[in-house]
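The block underneath contains the structure these notes are about, expressed in structure tokens.
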Amino acid sequence: MIGIETEYGIYVEGKGAQDLVVEATHLVKLCPPPVATGWDYSREHPRRDVRGFTVDHLSVDPHDAQFEQTGRPHSTDVEVRSDRVLPSGARLYNDHGHPEFSTPECTTLRELIASDRAGERVMQACAERRMSRMGGGLVAMYKNNTDFHGASYGTHESYLIQRSLPFELLLEGILPFFTTRQIFAGAGKVGMEQAGGTTSTTEVPFQLSQRADFFTTIASVDTLHNRPIVNTRDEPHADARLYRRFHVICGDANLCEMSTLLKVGTTLLVLRLLETGWRVPQTAQLRDPVAAIKQISRDQSFRWHVERSGGGTIGAVEIQRLYLAAAKEKLTGLSGETDVVLAEWEQVLNRLDTDPLSLSDTLDWAAKRTLLEEFRGAEGMDWRDPTLISLDLEYHNVDPAAGLYYGLEQEGRVRRVVTEGEIAAAVAHPPANSPRALVRGLAVSKFAEAVKSVTWSRLDLDDGSGQTVGIRMSQVQDLDPTKVQAALGKTTTPGEFVAALEALERESGTASGDGLDAEDD
């Protein structure tokens, strides 16, 4: 299972940074119905570390903290977050002044990409409803990771992995990959972050990644400040005896569908490799991954060489080729999507070695760089012109009439993975191959008022008789999705919904007596 969580940047005409929390709440509450509320935070454990301890608190950026309480003395955390669960099985809520769209659990890359793009449509719908309520004034939503004033907001990925994979081997195996993945997964950024929250284009006019500037450590449970390359949160949302949810925070927000396919698809394959016992060669281990992730992002030569732990240097493309070679040897033929990812991975690495900007139809950073170079040439400006920062931001605008990425898409200048029809379907319907998302999404679309509480691992539904029935996602995740859709889709009452699901669980042998499981969190 895979998923993507994206925090969106927002602009509301006439409002300042101190208004972001309130404005993000307004936007979330304007999500078009049907939606369910009642997110159960008691089943979330963001401070629990996979290394066997729980931290007392998570680090918060002092710059952001000053805005967190603005306008909140009379609001509860539940009111501020304003969680909404959508008919697609997705989640939308206010996360520290940013509307966050979390895709439903997906089991294919194609469905994940459609669901991720559906988030753009949902956020734009919220913006348009907000503008209508305000009676004028621009509200814009940006699928990016920086405000160019020192703040970064995340695009996180989730992967279900085997708990039997020791964390030490996971960390060893994934660090070189994550440090170099940005050569095809970066969204591109004008300038470099400086102390005090300013962006400089003097030394670094353009870099690969929007997030690279903000990483300060190798591994920790934090996400908001003192950010690690590898996040250690242990919050599986599944049977904790068998699984971990690998929570990845080092990626950028992608608009190019091929970038998302490569970012998530290659990571999936590397995780599968590590689960087989494969270990990355020592020649790929880096002396200082935190320094390397910045160095690669900022390298204007596109050679991307960094220091190895054993001495000497190695190129980012070379490191990626080591992972690719192992994946081709061990995973070829695993699935049709696997073979697509392997082929695209190899082709992209070949082109990065010879002509990186030829990938402007495939990768976000190359598309943005090419667009900005075209503009610079036409206007005769250099990289110090602040107009380029504004254009960078507008690349990520999710309004189809204003976003520069959308202009490239409309001109046929970027490769597509999914169709507009698939994206529209993903707005209103859960992914067809995901039983968990199907159960949650169908419950919301059919019986939103009967949903009493919900989280990623559980759904509590009033069955119509006054009894609340708990539905565990671990019990439904291995059901036949075709049967789930057929059985639940024709129900007309919450009681029928519960009875049909219980029948499916008995048929598959996953049913339990009380529907409760302390291991599901």
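We label chains A, B, ... in the order they appear in the structure tokens, count residues from 1 in each chain, and number ligands from 1 in the order shown.
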- Query: Can you tell me, as a VMD selection string, what residues are no more than 8 Å from stretch 476-483 of chain A when counting only C-alpha atoms, ignoring any on the same chain fewer than 6 positions away?
  - Reply: chain A and resid 432 to 436 438 to 439 504 to 505 508 510
- Got a sec to tell me which of stretch 216-283 of chain A DSSP assigns to strand (DSSP E or B), as a VMD selection string? chain A and resid 216 to 220 227 to 231 233 239 243 to 251
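The nearest approach to A:Asn254 among the residues A:Asp116, A:Glu128, A:Glu235, A:Asp56, with only C-alpha atoms taken into account, belongs to A:Asp116.
Our summary of the geometry notes that atom CA of A:Phe215 is positioned 5.0 Å from atom CA of A:Arg227.
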Taking only residues of stretch 84-168 of chain A that have an atom at most 12 Å from an atom of stretch 263-280 of chain A, what is each one's shortest atom pair and its distance in Å to one decimal, using only C-alpha atoms, in chain and number order, as a tab-separated table?
residue	atom	partner	partner_atom	distance
A:Cys106	CA	A:Val264	CA	11.7
A:Thr107	CA	A:Leu268	CA	11.1
A:Thr108	CA	A:Gly265	CA	9.4
A:Leu109	CA	A:Gly265	CA	7.0
A:Arg110	CA	A:Gly265	CA	10.2
A:Leu112	CA	A:Val264	CA	9.2
A:Ile113	CA	A:Val264	CA	9.6
A:Asp116	CA	A:Val264	CA	11.8
A:Thr155	CA	A:Lys263	CA	11.8
A:His156	CA	A:Val264	CA	10.7
A:Glu157	CA	A:Val264	CA	7.8
A:Ser158	CA	A:Val264	CA	9.3
A:Tyr159	CA	A:Leu268	CA	7.4
A:Leu160	CA	A:Leu268	CA	9.4
A:Ile161	CA	A:Leu271	CA	7.4
A:Gln162	CA	A:Glu275	CA	7.1
A:Arg163	CA	A:Glu275	CA	9.4
A:Ser164	CA	A:Glu275	CA	8.1
A:Leu165	CA	A:Glu275	CA	5.9
A:Pro166	CA	A:Glu275	CA	9.2
A:Phe167	CA	A:Leu274	CA	10.5
A:Glu168	CA	A:Leu274	CA	11.1
- Task: Can you pull out every residue within 12 Å of A:Ser132, counting only C-alpha atoms, but drop anything in the same chain fewer than 6 positions away, and send it as JSON, numbers by chain?
- Result: {"A": [27, 30, 125, 126, 138, 139]}
- Across A:Leu359, A:Asp299, A:Gly336, A:Asp49, the smallest distance to A:Val230, with only C-alpha atoms counted, is shown by A:Asp49
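Atom pair atom CA of A:Val21 / atom CA of A:His96 has a distance of 6.4 Å (rounded to one decimal).
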Find the spatial neighbours of A:Lys143, counting only C-alpha atoms, within a cut-off of 8 Å - ignore same-chain residues fewer than 3 positions away - and output them as a PDB file with N, CA and C atoms, in the first residue's frame.
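Dumped to out_39.pdb:
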ATOM      1  N   THR A   6      -0.015  15.841   0.994  1.00  0.00           N
ATOM      2  CA  THR A   6       0.525  17.100   0.495  1.00  0.00           C
ATOM      3  C   THR A   6      -0.060  18.277   1.259  1.00  0.00           C
ATOM      4  N   GLU A   7       0.821  19.077   1.850  1.00  0.00           N
ATOM      5  CA  GLU A   7       0.412  20.342   2.453  1.00  0.00           C
ATOM      6  C   GLU A   7       0.491  21.423   1.373  1.00  0.00           C
ATOM      7  N   TYR A   8      -0.588  22.143   1.199  1.00  0.00           N
ATOM      8  CA  TYR A   8      -0.649  23.170   0.161  1.00  0.00           C
ATOM      9  C   TYR A   8      -0.340  24.550   0.735  1.00  0.00           C
ATOM     10  N   GLY A   9       0.426  25.320  -0.029  1.00  0.00           N
ATOM     11  CA  GLY A   9       0.604  26.718   0.310  1.00  0.00           C
ATOM     12  C   GLY A   9      -0.633  27.494  -0.116  1.00  0.00           C
ATOM     13  N   GLU A 120      -5.422  18.122  -6.207  1.00  0.00           N
ATOM     14  CA  GLU A 120      -5.335  19.457  -6.801  1.00  0.00           C
ATOM     15  C   GLU A 120      -6.724  19.981  -7.147  1.00  0.00           C
ATOM     16  N   ALA A 253       6.840  18.184  -3.678  1.00  0.00           N
ATOM     17  CA  ALA A 253       5.504  18.115  -4.264  1.00  0.00           C
ATOM     18  C   ALA A 253       5.643  18.124  -5.783  1.00  0.00           C
ATOM     19  N   ASN A 254       5.212  17.066  -6.414  1.00  0.00           N
ATOM     20  CA  ASN A 254       5.350  16.951  -7.863  1.00  0.00           C
ATOM     21  C   ASN A 254       4.040  17.217  -8.579  1.00  0.00           C
ATOM     22  N   LEU A 255       4.150  17.899  -9.710  1.00  0.00           N
ATOM     23  CA  LEU A 255       3.034  18.086 -10.624  1.00  0.00           C
ATOM     24  C   LEU A 255       3.184  17.178 -11.835  1.00  0.00           C
ATOM     25  N   HIS A 396       3.406  26.227  -9.556  1.00  0.00           N
ATOM     26  CA  HIS A 396       2.706  25.296  -8.671  1.00  0.00           C
ATOM     27  C   HIS A 396       1.252  25.677  -8.405  1.00  0.00           C
ATOM     28  N   ASN A 397       0.774  26.765  -8.978  1.00  0.00           N
ATOM     29  CA  ASN A 397      -0.616  27.184  -8.801  1.00  0.00           C
ATOM     30  C   ASN A 397      -1.534  26.127  -9.403  1.00  0.00           C
ATOM     31  N   VAL A 398      -2.500  25.635  -8.617  1.00  0.00           N
ATOM     32  CA  VAL A 398      -3.352  24.544  -9.101  1.00  0.00           C
ATOM     33  C   VAL A 398      -4.607  25.048  -9.806  1.00  0.00           C
TER      34      VAL A 398
END
- Item | Contacts of stretch 338-343 of chain A within 8 Å, only C-alpha atoms, excl. fewer than 4 positions in-chain, as an MDAnalysis selection string | chainID A and resid 261:262 265:266 269 324 327:328 331:334 347
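Distance check against A:Thr201 using only C-alpha atoms: of A:Asn94, A:Thr387, A:Thr493, A:Thr37, the minimum falls on A:Thr387.
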